[in-house]
Amino acid sequence: MGTITISLDDNIEKKLRDLVKRMHGSRKGGLSKVIESALENYFASVDSPIKSDEASFKALKEGAVVAEANTLEDLASILRKIGIEPRGIRIISSKPIRPIVHGGYRIKQS
Amino acid sequence: MGSYFLDNTPVLEIEIRNPIMNKAFPAEGKVVAVMDTGFEGFLLVPQDIFEKLSLNQLALDGRRLILADGQYTQSVGTYGEVVVPNLGVKFDGFIETIKGVEEIVIGTDLIENMKLILDYCTRRIEVESCKKP
């Protein structure tokens with residue numbers, strides 16, 4: 001069992017203590033149980049692989065996100081709707097490109 | 001038909017789109033793309049097609065491709081859409097180009113969305129989409 005000292009925003013601390021009281025009353029160890037459960041859920045969400053059909057796209061202009069959608073078509077519609085000039089837009093995906101991949105046998109060095 | 005052997009090479013008829021710039025290639029009909037399971041990307045296109053799609057007018061990302069001889073080459077690309085008209089489906093993915101490439105190549109990042117059977121005995125190809133149209 002490890003012991004960690006952390007600092008929380010007053011509002012979050014209040015919500016946490018209210019939740020612990022609701023779930024575990026004044027029993028000892030309630031706070032640790034809630035924190036453990038919350039962290040386990042967080043780790044699961046961070047570690048779960050992104051499925052290909054769950055990819056989403058963001059459009060960036062001068063480094064700022066100007067639109068976000070699940071498909072490029074929807075992203076394009078949003079950009080048109082908000083009147084963003086598409087030239088120079090950077091598109092990023094929740095499924096990032098790998099920096100090095102095999103090119104296969106069809107590609108020959110020019 | 002949509003997919004067949006061209007000589008001994010499996011090909012698929014597709015449309016390529018850049019929804020952001022509202023461009024498509026070809027402007028009408030379909031184009032033949034080679035299916036290469038040795039290519040780990042989504043779609044590789046010649047530079048002139050990349051430009052016709054105005055993909056070069058978006059901000060580009062680069063990466064390295066390992067060639068068959070072990071050498072590296074640099075590609076550039078951005079995201080676009082591939083439509084497979086015969087299956088009634090479309091997929092979004094990274095479309096890249098390199099200098100000197102002359103054919104459109106579909107890689108495993110796109111193929112992974114499909115069930116693909118290559119029957120060299122009867123010279124038939126069966127392609128189905130994993131997702132329903």
# chains A, B, ... in the order shown; residues from 1 in each chain; ligands from 1
$ residues_around --residues "Asp36 of chain B" --least-positions-apart "2" --cutoff "8 Å" --atoms "only C-alpha atoms" --output "count of residues only"
10
$ interface_residues --of "chain B" --to "chain A" --cutoff "9 Å" --atoms "only C-alpha atoms" --output "ChimeraX atom specification"
/B:18-22,34,36-41,56-69,71-73,78-81,91-94,98-103,105,107,113,131
$ select_by_dssp --residues "chain B" --states "helix (DSSP H, G or I)" --output "ChimeraX atom specification"
/B:47-52,55-57,108-111
$ atom_distance --atom1 "atom CA of Gly77 of chain B" --atom2 "atom CA of Gly29 of chain B"
23.6 Å
$ closest_residue --among "B:Val89, B:Ile95, B:Leu116, B:Val82" --to "Glu51 of chain B" --atoms "only C-alpha atoms"
B:Ile95
$ closest_residue --among "B:Ile125, B:Val84, B:Leu6, B:Leu12" --to "Met35 of chain B" --atoms "only C-alpha atoms"
B:Leu12
$ atom_distance --atom1 "atom CA of Gln47 of chain B" --atom2 "atom CA of Glu128 of chain B"
29.2 Å
$ atom_distance --atom1 "atom CA of Val20 of chain A" --atom2 "atom CA of Thr5 of chain A"
17.6 Å
$ select_by_dssp --residues "segment 14-111 of chain B" --states "strand (DSSP E)" --output "PyMOL selection string"
chain B and resi 14-18+23-25+31-35+43-44+61-67+72-84+89-97+105-106
$ write_last_selection --atoms "C-alpha atoms" --output "mmCIF file, in the first residue's frame"
data_model
loop_
_atom_site.group_PDB
_atom_site.id
_atom_site.type_symbol
_atom_site.label_atom_id
_atom_site.label_comp_id
_atom_site.auth_asym_id
_atom_site.auth_seq_id
_atom_site.Cartn_x
_atom_site.Cartn_y
_atom_site.Cartn_z
ATOM 1 C CA ILE B 14 -11.908 3.544 -56.327
ATOM 2 C CA GLU B 15 -12.634 7.258 -56.203
ATOM 3 C CA ILE B 16 -10.374 9.545 -54.203
ATOM 4 C CA ARG B 17 -11.767 12.669 -52.562
ATOM 5 C CA ASN B 18 -10.492 15.658 -50.677
ATOM 6 C CA LYS B 23 -12.072 17.874 -55.014
ATOM 7 C CA ALA B 24 -12.325 14.381 -56.412
ATOM 8 C CA PHE B 25 -10.190 12.160 -58.616
ATOM 9 C CA VAL B 31 -9.614 4.825 -61.107
ATOM 10 C CA VAL B 32 -7.695 1.588 -60.721
ATOM 11 C CA ALA B 33 -5.566 1.157 -57.599
ATOM 12 C CA VAL B 34 -3.128 -1.652 -56.876
ATOM 13 C CA MET B 35 -3.666 -3.560 -53.638
ATOM 14 C CA LEU B 43 -3.184 5.224 -49.933
ATOM 15 C CA LEU B 44 -0.200 6.331 -52.009
ATOM 16 C CA ASP B 61 2.870 15.840 -42.634
ATOM 17 C CA GLY B 62 5.909 13.805 -43.587
ATOM 18 C CA ARG B 63 7.058 10.332 -42.715
ATOM 19 C CA ARG B 64 9.574 7.734 -43.840
ATOM 20 C CA LEU B 65 8.779 4.728 -45.989
ATOM 21 C CA ILE B 66 11.028 1.678 -45.886
ATOM 22 C CA LEU B 67 11.500 0.436 -49.426
ATOM 23 C CA TYR B 72 14.271 4.908 -46.846
ATOM 24 C CA THR B 73 12.329 7.546 -48.714
ATOM 25 C CA GLN B 74 10.365 10.530 -47.450
ATOM 26 C CA SER B 75 6.652 10.863 -48.160
ATOM 27 C CA VAL B 76 4.296 13.765 -47.510
ATOM 28 C CA GLY B 77 0.570 13.597 -47.060
ATOM 29 C CA THR B 78 -2.622 14.577 -45.340
ATOM 30 C CA TYR B 79 -6.052 13.065 -44.775
ATOM 31 C CA GLY B 80 -8.511 12.288 -47.539
ATOM 32 C CA GLU B 81 -11.332 9.937 -48.443
ATOM 33 C CA VAL B 82 -11.390 6.774 -50.540
ATOM 34 C CA VAL B 83 -14.713 5.631 -51.970
ATOM 35 C CA VAL B 84 -15.195 2.055 -53.142
ATOM 36 C CA VAL B 89 -18.520 2.412 -48.708
ATOM 37 C CA LYS B 90 -15.971 5.122 -48.028
ATOM 38 C CA PHE B 91 -13.004 5.338 -45.712
ATOM 39 C CA ASP B 92 -11.015 8.266 -44.333
ATOM 40 C CA GLY B 93 -7.260 7.931 -44.057
ATOM 41 C CA PHE B 94 -3.785 9.323 -44.683
ATOM 42 C CA ILE B 95 -3.116 9.894 -48.377
ATOM 43 C CA GLU B 96 0.546 10.348 -49.195
ATOM 44 C CA THR B 97 2.804 10.850 -52.175
ATOM 45 C CA VAL B 105 -1.297 1.932 -54.208
ATOM 46 C CA ILE B 106 -3.728 0.769 -51.536
#
$ closest_residue --among "A:Ser94, A:Ser32, A:Thr3, A:Asn11" --to "Lys58 of chain A" --atoms "only C-alpha atoms"
A:Ser94
